[in-house]
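Student: Hey, dropping start-v7.cif in here, mmCIF, C-alpha atoms:
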data_work
#
loop_
_atom_site.label_atom_id
_atom_site.label_comp_id
_atom_site.auth_asym_id
_atom_site.auth_seq_id
_atom_site.Cartn_x
_atom_site.Cartn_y
_atom_site.Cartn_z
CA MET X 1089 -28.12 -4.27 -9.03
CA ARG X 1090 -24.48 -5.36 -8.65
CA ALA X 1091 -23.20 -7.56 -5.85
CA LEU X 1092 -19.72 -7.39 -4.32
CA ILE X 1093 -17.58 -10.32 -3.19
CA PHE X 1094 -14.64 -9.31 -1.01
CA ASP X 1095 -11.35 -10.98 -0.32
CA LEU X 1096 -10.41 -10.57 3.37
CA ASP X 1097 -6.61 -10.40 4.05
CA GLY X 1098 -5.02 -7.32 2.45
CA THR X 1099 -8.39 -6.13 1.15
CA LEU X 1100 -10.42 -5.50 4.31
CA VAL X 1101 -7.83 -6.16 7.06
CA ASP X 1102 -4.17 -5.11 7.17
CA THR X 1103 -2.52 -8.51 7.53
CA VAL X 1104 -0.34 -9.05 4.44
CA TYR X 1105 3.01 -7.97 5.89
CA ALA X 1106 2.52 -10.04 9.05
CA HIS X 1107 1.62 -13.03 6.85
CA VAL X 1108 4.76 -12.55 4.74
CA PHE X 1109 7.01 -12.29 7.73
CA SER X 1110 5.47 -15.26 9.58
CA TRP X 1111 5.63 -17.48 6.47
CA GLN X 1112 9.27 -16.54 6.00
CA GLN X 1113 10.04 -17.40 9.60
CA ALA X 1114 8.11 -20.70 9.56
CA LEU X 1115 9.86 -21.74 6.33
CA ALA X 1116 13.32 -20.70 7.56
CA GLU X 1117 12.80 -22.71 10.76
CA ALA X 1118 11.98 -25.72 8.58
CA GLY X 1119 15.21 -25.29 6.61
CA MET X 1120 13.44 -23.76 3.59
CA PRO X 1121 14.55 -20.12 3.54
CA ILE X 1122 12.91 -17.97 0.86
CA ASP X 1123 13.03 -14.23 0.04
CA GLY X 1124 10.30 -11.99 1.39
CA TRP X 1125 9.16 -10.68 -2.01
CA ARG X 1126 8.58 -14.21 -3.33
CA VAL X 1127 6.39 -14.97 -0.32
CA HIS X 1128 4.58 -11.66 -0.80
CA ARG X 1129 3.72 -12.44 -4.42
CA LYS X 1130 2.24 -15.82 -3.41
CA ILE X 1131 0.14 -14.62 -0.46
CA GLY X 1132 -3.56 -15.07 -1.14
CA MET X 1133 -3.25 -18.58 -2.47
CA SER X 1134 -4.48 -21.16 0.00
CA GLY X 1135 -1.87 -22.27 2.55
CA GLY X 1136 -1.69 -25.71 0.91
CA LEU X 1137 -1.07 -24.36 -2.59
CA PHE X 1138 1.33 -21.83 -1.15
CA THR X 1139 3.52 -24.38 0.61
CA ARG X 1140 3.61 -26.59 -2.49
CA ALA X 1141 4.54 -23.62 -4.67
CA VAL X 1142 7.35 -22.63 -2.31
CA ALA X 1143 8.64 -26.20 -2.15
CA ARG X 1144 8.66 -26.41 -5.94
CA GLU X 1145 10.46 -23.08 -6.20
CA ILE X 1146 13.27 -24.18 -3.90
CA GLY X 1147 13.34 -27.65 -5.44
CA ARG X 1148 12.07 -29.67 -2.48
CA ALA X 1149 9.36 -32.30 -2.27
CA LEU X 1150 6.89 -31.70 0.54
CA GLU X 1151 4.81 -34.41 2.26
CA PRO X 1152 1.23 -33.42 3.15
CA ALA X 1153 1.99 -33.84 6.86
CA HIS X 1154 4.97 -31.51 6.55
CA ALA X 1155 2.90 -28.93 4.67
CA GLN X 1156 0.28 -29.17 7.41
CA ALA X 1157 2.89 -28.61 10.13
CA LEU X 1158 4.24 -25.57 8.26
CA GLN X 1159 0.76 -24.04 8.05
CA GLN X 1160 0.27 -24.67 11.77
CA ARG X 1161 3.57 -23.01 12.63
CA HIS X 1162 2.81 -20.06 10.33
CA GLY X 1163 -0.48 -19.59 12.18
CA GLU X 1164 1.27 -19.56 15.57
CA ILE X 1165 3.89 -17.00 14.52
CA PHE X 1166 1.25 -14.87 12.79
CA HIS X 1167 -0.90 -14.79 15.90
CA GLN X 1168 2.11 -13.80 18.04
CA LEU X 1169 3.11 -11.03 15.62
CA LEU X 1170 -0.38 -9.65 15.05
CA PRO X 1171 -2.81 -10.71 17.78
CA ASP X 1172 -5.25 -7.97 16.79
CA PRO X 1173 -5.59 -7.45 12.98
CA GLN X 1174 -6.71 -3.93 12.06
CA PRO X 1175 -9.40 -3.07 9.51
CA LEU X 1176 -7.98 -1.17 6.52
CA PRO X 1177 -9.04 2.47 6.03
CA GLY X 1178 -12.64 2.77 4.95
CA ALA X 1179 -13.39 -0.97 5.19
CA ILE X 1180 -15.94 -0.80 8.01
CA GLY X 1181 -17.65 2.24 6.51
CA LEU X 1182 -17.84 0.67 3.04
CA LEU X 1183 -19.50 -2.50 4.33
CA GLN X 1184 -21.94 -0.49 6.42
CA ARG X 1185 -22.89 1.69 3.46
CA LEU X 1186 -23.44 -1.33 1.21
CA ARG X 1187 -25.66 -2.84 3.88
CA SER X 1188 -27.71 0.28 4.45
CA SER X 1189 -28.06 0.73 0.70
CA GLY X 1190 -29.26 -2.84 0.23
CA VAL X 1191 -26.32 -3.84 -2.01
CA PRO X 1192 -25.63 -7.56 -1.53
CA PHE X 1193 -22.09 -8.46 -0.51
CA GLY X 1194 -20.19 -11.47 0.79
CA ILE X 1195 -16.67 -12.50 1.77
CA ALA X 1196 -14.62 -15.25 0.14
CA THR X 1197 -11.24 -15.95 1.73
CA SER X 1198 -8.41 -18.47 1.47
CA GLY X 1199 -8.17 -18.20 5.28
CA ARG X 1200 -9.87 -20.57 7.68
CA ARG X 1201 -12.02 -20.35 10.78
CA PRO X 1202 -11.20 -19.92 13.63
CA GLU X 1203 -8.15 -17.90 12.42
CA ILE X 1204 -10.31 -15.41 10.51
CA ASN X 1205 -12.89 -14.86 13.28
CA ARG X 1206 -10.94 -12.01 14.85
CA SER X 1207 -10.76 -10.14 11.54
CA LEU X 1208 -14.51 -10.63 10.92
CA ASP X 1209 -15.24 -9.33 14.43
CA ARG X 1210 -13.05 -6.27 13.92
CA LEU X 1211 -14.88 -5.54 10.65
CA ARG X 1212 -18.23 -5.87 12.49
CA ILE X 1213 -19.53 -8.36 9.93
CA PRO X 1214 -23.11 -9.27 10.92
CA PRO X 1215 -23.76 -13.02 11.25
CA ASP X 1216 -26.14 -13.10 8.27
CA VAL X 1217 -23.42 -12.02 5.80
CA VAL X 1218 -22.25 -14.88 3.57
CA VAL X 1219 -18.65 -15.80 4.45
CA VAL X 1220 -17.04 -18.58 2.40
CA GLU X 1221 -13.75 -19.83 3.80
CA ARG X 1222 -11.09 -22.28 2.70
CA GLY X 1223 -12.76 -25.24 4.42
CA ASP X 1224 -16.05 -24.72 2.54
CA VAL X 1225 -14.66 -25.60 -0.89
CA LEU X 1226 -12.43 -28.22 -2.41
CA ARG X 1227 -10.03 -25.87 -4.22
CA ALA X 1228 -8.85 -22.41 -3.19
CA LYS X 1229 -7.75 -19.37 -5.24
CA PRO X 1230 -6.66 -19.10 -8.02
CA GLU X 1231 -9.41 -21.69 -8.65
CA PRO X 1232 -12.82 -19.97 -8.88
CA ASP X 1233 -14.54 -22.18 -6.27
CA LEU X 1234 -14.55 -19.71 -3.37
CA PHE X 1235 -16.15 -16.95 -5.44
CA LEU X 1236 -18.68 -19.28 -7.08
CA ALA X 1237 -19.71 -20.73 -3.71
CA CYS X 1238 -20.13 -17.20 -2.34
CA GLN X 1239 -22.23 -16.09 -5.30
CA GLU X 1240 -24.43 -19.20 -5.09
CA ARG X 1241 -25.03 -18.76 -1.37
CA MET X 1242 -25.81 -15.08 -1.91
CA GLY X 1243 -28.30 -16.03 -4.61
CA VAL X 1244 -27.00 -13.55 -7.19
CA ASP X 1245 -25.99 -13.99 -10.81
CA VAL X 1246 -22.31 -14.49 -11.78
CA ARG X 1247 -22.59 -11.63 -14.26
CA ASP X 1248 -23.71 -9.25 -11.52
CA CYS X 1249 -20.69 -9.89 -9.26
CA PHE X 1250 -17.65 -7.69 -8.76
CA VAL X 1251 -14.79 -9.35 -6.92
CA VAL X 1252 -12.70 -6.95 -4.80
CA GLY X 1253 -9.18 -8.15 -4.02
CA ASP X 1254 -5.58 -7.09 -3.39
CA ALA X 1255 -3.75 -10.01 -5.02
CA VAL X 1256 -3.39 -11.30 -8.57
CA TRP X 1257 -4.84 -14.61 -7.29
CA ASP X 1258 -8.15 -12.90 -6.54
CA LEU X 1259 -8.26 -11.35 -9.99
CA LEU X 1260 -7.31 -14.57 -11.75
CA ALA X 1261 -9.91 -16.55 -9.79
CA ALA X 1262 -12.52 -13.88 -10.62
CA ARG X 1263 -11.81 -14.19 -14.34
CA ARG X 1264 -12.14 -17.95 -14.12
CA ALA X 1265 -15.46 -17.50 -12.32
CA GLY X 1266 -16.69 -15.18 -15.09
CA MET X 1267 -16.85 -12.18 -12.75
CA LEU X 1268 -15.52 -8.65 -13.13
CA SER X 1269 -12.91 -7.61 -10.59
CA VAL X 1270 -11.57 -4.53 -8.87
CA GLY X 1271 -8.11 -4.27 -7.31
CA VAL X 1272 -6.97 -2.44 -4.18
CA LEU X 1273 -3.37 -1.45 -3.39
CA THR X 1274 -3.60 -2.32 0.31
CA GLY X 1275 -1.94 -5.71 -0.23
CA GLY X 1276 1.23 -4.09 -1.57
CA TYR X 1277 1.03 -5.11 -5.23
CA GLY X 1278 1.74 -2.43 -7.83
CA GLU X 1279 -1.21 -0.99 -9.76
CA GLU X 1280 -0.02 -2.36 -13.14
CA GLU X 1281 0.34 -5.87 -11.74
CA LEU X 1282 -3.33 -5.79 -10.77
CA ILE X 1283 -4.49 -4.33 -14.08
CA ARG X 1284 -2.43 -6.87 -16.01
CA ALA X 1285 -4.09 -9.63 -13.97
CA GLY X 1286 -7.49 -8.41 -15.08
CA ALA X 1287 -8.65 -5.71 -12.66
CA TYR X 1288 -11.29 -3.52 -14.27
CA ARG X 1289 -10.27 -0.66 -11.99
CA VAL X 1290 -7.74 -0.24 -9.17
CA TYR X 1291 -8.39 1.85 -6.04
CA ARG X 1292 -5.98 2.76 -3.26
CA ASP X 1293 -8.08 1.19 -0.54
CA ALA X 1294 -11.64 0.43 0.59
CA ARG X 1295 -12.21 4.12 1.29
CA GLU X 1296 -11.48 5.15 -2.28
CA LEU X 1297 -13.64 2.28 -3.52
CA ASP X 1298 -16.46 3.53 -1.27
CA GLU X 1299 -16.16 7.00 -2.82
CA SER X 1300 -16.22 5.46 -6.32
CA LEU X 1301 -19.14 3.06 -6.16
CA ASP X 1302 -21.01 5.00 -8.83
CA GLU X 1303 -18.12 4.40 -11.26
CA LEU X 1304 -18.89 0.72 -10.95
CA GLY X 1305 -22.63 1.11 -11.33
CA VAL X 1306 -23.06 -0.43 -7.88
CA LEU X 1307 -25.16 2.35 -6.44
CA PRO X 1308 -28.06 3.69 -8.48
CA MET K 1187 34.48 0.51 -17.61
CA ARG K 1188 31.23 0.93 -15.71
CA ALA K 1189 30.99 1.19 -11.92
CA LEU K 1190 28.10 -0.07 -9.78
CA ILE K 1191 26.63 1.63 -6.72
CA PHE K 1192 24.36 -0.63 -4.68
CA ASP K 1193 21.58 0.13 -2.29
CA LEU K 1194 21.69 -2.26 0.70
CA ASP K 1195 18.25 -3.08 2.24
CA GLY K 1196 16.01 -4.95 -0.20
CA THR K 1197 18.74 -4.98 -2.86
CA LEU K 1198 21.53 -7.03 -1.24
CA VAL K 1199 19.91 -8.15 2.05
CA ASP K 1200 16.36 -9.40 2.64
CA THR K 1201 15.18 -6.87 5.20
CA VAL K 1202 12.26 -4.96 3.65
CA TYR K 1203 9.40 -6.93 5.18
CA ALA K 1204 10.94 -6.81 8.66
CA HIS K 1205 11.43 -3.05 8.24
CA VAL K 1206 7.78 -2.60 7.19
CA PHE K 1207 6.46 -4.60 10.10
CA SER K 1208 8.71 -2.94 12.70
CA TRP K 1209 7.86 0.56 11.45
CA GLN K 1210 4.17 -0.29 11.61
CA GLN K 1211 4.53 -1.55 15.16
CA ALA K 1212 6.63 1.43 16.34
CA LEU K 1213 4.13 3.86 14.80
CA ALA K 1214 1.11 2.04 16.22
CA GLU K 1215 2.68 2.07 19.70
CA ALA K 1216 3.08 5.85 19.33
CA GLY K 1217 -0.61 6.26 18.45
CA MET K 1218 0.10 6.74 14.73
CA PRO K 1219 -1.29 3.59 13.07
CA ILE K 1220 -0.67 3.35 9.32
CA ASP K 1221 -1.33 0.64 6.73
CA GLY K 1222 1.48 -1.74 5.81
CA TRP K 1223 1.47 -0.94 2.09
CA ARG K 1224 1.94 2.78 2.74
CA VAL K 1225 4.96 2.02 4.91
CA HIS K 1226 6.29 -0.37 2.26
CA ARG K 1227 6.13 2.28 -0.46
CA LYS K 1228 8.11 4.72 1.73
CA ILE K 1229 10.86 2.33 2.83
CA GLY K 1230 14.25 3.38 1.47
CA MET K 1231 13.85 7.03 2.36
CA SER K 1232 15.96 8.01 5.36
CA GLY K 1233 14.30 7.37 8.72
CA GLY K 1234 13.93 11.11 9.30
CA LEU K 1235 12.22 11.77 5.96
CA PHE K 1236 10.14 8.66 6.46
CA THR K 1237 8.76 9.70 9.85
CA ARG K 1238 7.97 13.20 8.58
CA ALA K 1239 6.22 11.77 5.51
CA VAL K 1240 4.13 9.44 7.68
CA ALA K 1241 3.25 12.24 10.07
CA ARG K 1242 2.14 14.44 7.18
CA GLU K 1243 0.08 11.62 5.71
CA ILE K 1244 -1.84 11.07 8.91
CA GLY K 1245 -2.09 14.81 9.58
CA ARG K 1246 0.15 15.06 12.64
CA ALA K 1247 3.04 17.39 13.43
CA LEU K 1248 6.14 15.60 14.63
CA GLU K 1249 8.84 17.14 16.84
CA PRO K 1250 12.44 16.14 16.00
CA ALA K 1251 12.81 14.44 19.41
CA HIS K 1252 9.68 12.39 18.78
CA ALA K 1253 10.91 11.40 15.31
CA GLN K 1254 14.21 10.37 16.87
CA ALA K 1255 12.45 8.24 19.49
CA LEU K 1256 10.37 6.54 16.78
CA GLN K 1257 13.50 5.65 14.80
CA GLN K 1258 15.08 4.28 17.95
CA ARG K 1259 12.04 2.14 18.69
CA HIS K 1260 11.87 0.93 15.08
CA GLY K 1261 15.50 -0.17 15.36
CA GLU K 1262 14.78 -2.14 18.56
CA ILE K 1263 11.78 -3.97 17.10
CA PHE K 1264 13.63 -4.62 13.84
CA HIS K 1265 16.55 -6.17 15.67
CA GLN K 1266 14.22 -8.40 17.71
CA LEU K 1267 12.34 -9.53 14.59
CA LEU K 1268 15.38 -10.11 12.42
CA PRO K 1269 18.59 -10.43 14.45
CA ASP K 1270 20.40 -12.00 11.49
CA PRO K 1271 19.59 -10.40 8.09
CA GLN K 1272 20.09 -12.79 5.17
CA PRO K 1273 21.85 -11.94 1.89
CA LEU K 1274 19.47 -12.06 -1.09
CA PRO K 1275 20.03 -14.78 -3.71
CA GLY K 1276 23.12 -14.16 -5.77
CA ALA K 1277 24.23 -11.07 -3.80
CA ILE K 1278 27.45 -12.50 -2.37
CA GLY K 1279 28.40 -14.11 -5.68
CA LEU K 1280 27.72 -10.93 -7.66
CA LEU K 1281 29.95 -8.80 -5.43
CA GLN K 1282 32.72 -11.40 -5.53
CA ARG K 1283 32.60 -11.58 -9.32
CA LEU K 1284 32.72 -7.80 -9.66
CA ARG K 1285 35.73 -7.74 -7.38
CA SER K 1286 37.59 -10.51 -9.15
CA SER K 1287 36.82 -8.86 -12.50
CA GLY K 1288 38.13 -5.51 -11.31
CA VAL K 1289 34.76 -3.73 -11.72
CA PRO K 1290 34.55 -0.90 -9.17
CA PHE K 1291 31.54 -0.99 -6.86
CA GLY K 1292 30.35 0.72 -3.70
CA ILE K 1293 27.37 0.74 -1.34
CA ALA K 1294 25.18 3.76 -0.59
CA THR K 1295 22.48 3.23 2.03
CA SER K 1296 19.91 5.25 3.96
CA GLY K 1297 20.76 2.98 6.91
CA ARG K 1298 23.26 3.85 9.61
CA ARG K 1299 26.17 2.21 11.36
CA PRO K 1300 26.18 0.27 13.64
CA GLU K 1301 22.75 -1.07 12.47
CA ILE K 1302 24.05 -1.97 9.01
CA ASN K 1303 27.26 -3.69 10.17
CA ARG K 1304 25.61 -7.08 10.48
CA SER K 1305 24.34 -6.93 6.90
CA LEU K 1306 27.77 -5.87 5.59
CA ASP K 1307 29.37 -8.77 7.47
CA ARG K 1308 26.88 -11.27 6.08
CA LEU K 1309 27.63 -10.00 2.56
CA ARG K 1310 31.37 -10.41 3.23
CA ILE K 1311 32.09 -6.83 2.15
CA PRO K 1312 35.86 -6.28 2.42
CA PRO K 1313 36.90 -3.23 4.47
CA ASP K 1314 38.31 -1.39 1.44
CA VAL K 1315 34.92 -1.23 -0.32
CA VAL K 1316 33.41 2.27 -0.25
CA VAL K 1317 30.29 2.28 1.98
CA VAL K 1318 28.42 5.57 2.29
CA GLU K 1319 25.77 5.62 5.01
CA ARG K 1320 23.14 8.06 6.20
CA GLY K 1321 25.47 9.77 8.65
CA ASP K 1322 28.02 10.61 5.93
CA VAL K 1323 25.80 13.06 4.06
CA LEU K 1324 23.45 15.88 4.89
CA ARG K 1325 20.45 14.67 2.90
CA ALA K 1326 19.33 11.10 2.22
CA LYS K 1327 17.42 9.53 -0.71
CA PRO K 1328 15.58 10.69 -2.76
CA GLU K 1329 18.24 13.44 -2.68
CA PRO K 1330 21.28 12.39 -4.75
CA ASP K 1331 23.86 13.03 -2.00
CA LEU K 1332 24.48 9.38 -0.99
CA PHE K 1333 25.18 8.29 -4.57
CA LEU K 1334 27.32 11.35 -5.38
CA ALA K 1335 29.40 10.87 -2.22
CA CYS K 1336 29.89 7.20 -3.11
CA GLN K 1337 30.96 8.01 -6.69
CA GLU K 1338 33.39 10.70 -5.49
CA ARG K 1339 34.99 8.42 -2.94
CA MET K 1340 35.25 5.65 -5.56
CA GLY K 1341 36.94 8.11 -7.93
CA VAL K 1342 34.73 7.27 -10.90
CA ASP K 1343 32.77 9.49 -13.27
CA VAL K 1344 29.04 10.12 -12.71
CA ARG K 1345 28.33 9.04 -16.29
CA ASP K 1346 29.98 5.67 -15.70
CA CYS K 1347 27.82 4.75 -12.68
CA PHE K 1348 24.88 2.38 -12.58
CA VAL K 1349 22.81 2.56 -9.40
CA VAL K 1350 21.22 -0.77 -8.40
CA GLY K 1351 18.20 -0.46 -6.11
CA ASP K 1352 14.85 -2.00 -5.15
CA ALA K 1353 12.88 1.18 -4.36
CA VAL K 1354 11.63 4.11 -6.40
CA TRP K 1355 13.66 6.35 -4.05
CA ASP K 1356 16.89 4.79 -5.32
CA LEU K 1357 15.87 5.33 -8.91
CA LEU K 1358 14.74 8.90 -8.32
CA ALA K 1359 17.96 9.75 -6.48
CA ALA K 1360 19.97 8.15 -9.31
CA ARG K 1361 18.25 10.34 -11.89
CA ARG K 1362 18.95 13.41 -9.83
CA ALA K 1363 22.60 12.36 -9.58
CA GLY K 1364 22.77 11.99 -13.38
CA MET K 1365 23.34 8.22 -13.15
CA LEU K 1366 21.66 5.33 -14.94
CA SER K 1367 19.81 2.88 -12.72
CA VAL K 1368 18.76 -0.75 -12.60
CA GLY K 1369 15.88 -2.08 -10.49
CA VAL K 1370 15.55 -5.39 -8.64
CA LEU K 1371 12.26 -6.95 -7.51
CA THR K 1372 13.60 -8.16 -4.15
CA GLY K 1373 12.17 -5.15 -2.32
CA GLY K 1374 8.61 -6.06 -3.32
CA TYR K 1375 7.85 -3.24 -5.77
CA GLY K 1376 6.20 -4.18 -9.05
CA GLU K 1377 8.32 -4.11 -12.20
CA GLU K 1378 6.35 -1.27 -13.82
CA GLU K 1379 6.70 0.91 -10.73
CA LEU K 1380 10.47 0.65 -11.07
CA ILE K 1381 10.49 1.28 -14.82
CA ARG K 1382 8.20 4.26 -14.42
CA ALA K 1383 10.60 5.65 -11.80
CA GLY K 1384 13.43 5.51 -14.32
CA ALA K 1385 15.00 2.03 -14.16
CA TYR K 1386 16.87 1.26 -17.37
CA ARG K 1387 16.29 -2.45 -16.75
CA VAL K 1388 14.66 -4.53 -14.01
CA TYR K 1389 16.00 -7.88 -12.82
CA ARG K 1390 14.43 -10.32 -10.38
CA ASP K 1391 17.35 -10.28 -7.99
CA ALA K 1392 21.13 -9.95 -7.71
CA ARG K 1393 21.55 -13.38 -9.28
CA GLU K 1394 19.75 -12.40 -12.46
CA LEU K 1395 21.70 -9.15 -12.54
CA ASP K 1396 24.92 -11.16 -12.22
CA GLU K 1397 23.90 -13.27 -15.22
CA SER K 1398 23.08 -10.12 -17.21
CA LEU K 1399 26.13 -7.93 -16.64
CA ASP K 1400 26.98 -7.97 -20.33
CA GLU K 1401 23.56 -6.44 -21.13
CA LEU K 1402 24.71 -3.42 -19.13
CA GLY K 1403 28.14 -3.22 -20.72
CA VAL K 1404 29.66 -3.72 -17.28
CA LEU K 1405 31.84 -6.68 -18.21
CA PRO K 1406 33.90 -6.46 -21.37
#
Let's see the structure in the file written out as structure tokens.
Tutor:
Amino acid sequence: MRALIFDLDGTLVDTVYAHVFSWQQALAEAGMPIDGWRVHRKIGMSGGLFTRAVAREIGRALEPAHAQALQQRHGEIFHQLLPDPQPLPGAIGLLQRLRSSGVPFGIATSGRRPEINRSLDRLRIPPDVVVVERGDVLRAKPEPDLFLACQERMGVDVRDCFVVGDAVWDLLAARRAGMLSVGVLTGGYGEEELIRAGAYRVYRDARELDESLDELGVLP
Amino acid sequence: MRALIFDLDGTLVDTVYAHVFSWQQALAEAGMPIDGWRVHRKIGMSGGLFTRAVAREIGRALEPAHAQALQQRHGEIFHQLLPDPQPLPGAIGLLQRLRSSGVPFGIATSGRRPEINRSLDRLRIPPDVVVVERGDVLRAKPEPDLFLACQERMGVDVRDCFVVGDAVWDLLAARRAGMLSVGVLTGGYGEEELIRAGAYRVYRDARELDESLDELGVLP
């Protein structure tokens, strides 16, 4: 039987646009203004990779302490903008159905505790579900470490895992982990961008994925 | 010689993500929560069309007075979030080069005065440039009225106009007006979405368009 590994932001909770806007604001405050769409297309990398990528793009060097301060400030603005992240349509129902059907699943996110706790609560993730976060691994997406750590802790085979994500970074990391992947449009990428990055299928959201589990061979 | 008709939000000024977030917040406050990506893919329609489309999508009827109040609230939140909209990279330079080269251009936006005045100021649009806004026509994008009114007031032929826009609504309205169109990625759509909607070419932003004007036959 297949196992599913979910990304969190943009895949299960509706946080991408608040992340884009709060990164833009934190960067502009630090004298590093950058267009919204460029931030959007980098969301889903770890915060550290993200800040380095932005710095490179605008031709600035960035000290680790400065990158750290930017991430801190992003977190503050994000929490002000969106104190209560909302589950995406169908997300809670999908996870409940997987659980009641005995399909193993886990979560692998570039976010960190305690920032992600609110989202996990809102999704009603039981405490025995494997959640791998940024602090658990050395290298974040698009490196495969988060997905491989999740799969190991779940005790399933790499070849049995489907990664579900909204960003090209999820799909790239899945390929590098040797896993199949499925895209969702809830992070605001276009369908072709996700397919080009390696998605085996693309669904609108968790609800459409839930209705399509037999297409993936996940449910018997 | 060709003439250019520009969309404003997402094409010349970096406002799309603030619009998405403020629409989401205004709709959530009104008991009509909707995912960010669905708002994003509707941005660029007029506010009236947008609110009706959202209401239909979530299965609610919407009185005109209620739609009006939602637009008002969206405007308030937007202004709080982004009091000073920033020109997108290359936008000011592109418009200045067109002007100094004698290439006719105008702006056709689903936005309204006075909300758009700040963006026009930041772009240093001289007062003699034709600007057609929502209030000038009966029907907004994806109807062709904004572009046709702009072309008429500029005194150029439909067949000589290139529309430049970031959203599928611009490209659809351009087709219906009988005009060629060019897409830019600064509104956060994927390249293939824009090509599929009819864009003759897609550039990253106004700067890349500026560097590519000879590909369009705009500069001699």
Student: Return as an NGL selection string the residues belonging to chain K that are within 7 Å of chain X, counting only C-alpha atoms.
Tutor: :K and (1200 or 1203-1204 or 1207 or 1221-1223 or 1274 or 1372-1376 or 1378-1379)
Student: So that I have them on file, write out the residues from the current selection with C-alpha atoms, as a PDB file, keeping the file's coordinate frame.
Tutor:
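The result, stored in part-v5.pdb:
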ATOM      1  CA  ASP K1200      16.360  -9.400   2.640  1.00  0.00           C
ATOM      2  CA  TYR K1203       9.400  -6.930   5.180  1.00  0.00           C
ATOM      3  CA  ALA K1204      10.940  -6.810   8.660  1.00  0.00           C
ATOM      4  CA  PHE K1207       6.460  -4.600  10.100  1.00  0.00           C
ATOM      5  CA  ASP K1221      -1.330   0.640   6.730  1.00  0.00           C
ATOM      6  CA  GLY K1222       1.480  -1.740   5.810  1.00  0.00           C
ATOM      7  CA  TRP K1223       1.470  -0.940   2.090  1.00  0.00           C
ATOM      8  CA  LEU K1274      19.470 -12.060  -1.090  1.00  0.00           C
ATOM      9  CA  THR K1372      13.600  -8.160  -4.150  1.00  0.00           C
ATOM     10  CA  GLY K1373      12.170  -5.150  -2.320  1.00  0.00           C
ATOM     11  CA  GLY K1374       8.610  -6.060  -3.320  1.00  0.00           C
ATOM     12  CA  TYR K1375       7.850  -3.240  -5.770  1.00  0.00           C
ATOM     13  CA  GLY K1376       6.200  -4.180  -9.050  1.00  0.00           C
ATOM     14  CA  GLU K1378       6.350  -1.270 -13.820  1.00  0.00           C
ATOM     15  CA  GLU K1379       6.700   0.910 -10.730  1.00  0.00           C
TER      16      GLU K1379
END
Student: Which distance in Å separates CA of Thr1139 in chain X and CA of His1265 in chain K, to one decimal?
Tutor: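 Computed distance, CA of Thr1139 in chain X to CA of His1265 in chain K, equals 27.0 Å.
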Student: For Ala1277 in chain K, which of K:Arg1238, K:Arg1308, K:Arg1362, K:Arg1246 is the closest residue, counting all atoms listed in the file?
Tutor: K:Arg1308
Student: Please evaluate the PyMOL selection byres ((chain K and resi 1337) around 12) against the displayed coordinates and give the resulting residues as a PyMOL selection string.
Tutor: chain K and resi 1188-1192+1290-1294+1315-1318+1330-1336+1338-1349+1360+1363-1365
Student: Expanded to explicit residues, what is the PyMOL selection byres ((chain X and resi 1259) around 9) for this file, as a PyMOL selection string?
Tutor: chain X and resi 1230+1251-1258+1260-1264+1268-1271+1282-1283+1285-1287
Student: Could you tell me, as a ChimeraX atom specification, exactly which residues end up selected when the PyMOL selection byres ((chain K and resi 1216) around 12) is applied to this structure?
Tutor: /K:1209-1215,1217-1220,1237,1241,1246,1248,1252-1253,1255-1257,1259-1260
Student: Suppose you want the space between CA of Thr1197 in chain K and CA of Gly1261 in chain K; what is it in Å?
Tutor: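 That distance, rounded to one decimal, is 19.1 Å.
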Student: Could you check how far CA of Arg1304 in chain K sits from CA of Ile1278 in chain K, in Å to one decimal?
Tutor: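 Taking CA of Arg1304 in chain K and CA of Ile1278 in chain K, their separation equals 14.1 Å.
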Student: Smallest atom-to-atom distance to Gly1132 in chain X: which of X:Glu1221, X:Asp1209, X:Asp1095, X:Glu1299, using only C-alpha atoms?
Tutor: X:Asp1095
Student: Taking all atoms of range 1229-1240 of chain K that the file lists, what box with edges along x, y and z, padded by 3 Å per side, do you get, with centre and edge lengths in Å to one decimal, as lines of an AutoDock Vina configuration file?
Tutor:
center_x = 10.0
center_y = 7.8
center_z = 5.7
size_x = 17.8
size_y = 16.9
size_z = 14.4
Student: When distances are computed from only C-alpha atoms, which of K:Arg1283, K:Pro1269, K:Gly1288, K:Asp1396 shows the smallest separation from Glu1301 in chain K?
Tutor: K:Pro1269
Student: Considering all atoms listed in the file, state which residue in the set X:Gly1178, X:Phe1166, X:Asp1097, X:Glu1303 is at the smallest distance from Ser1198 in chain X.
Tutor: X:Asp1097
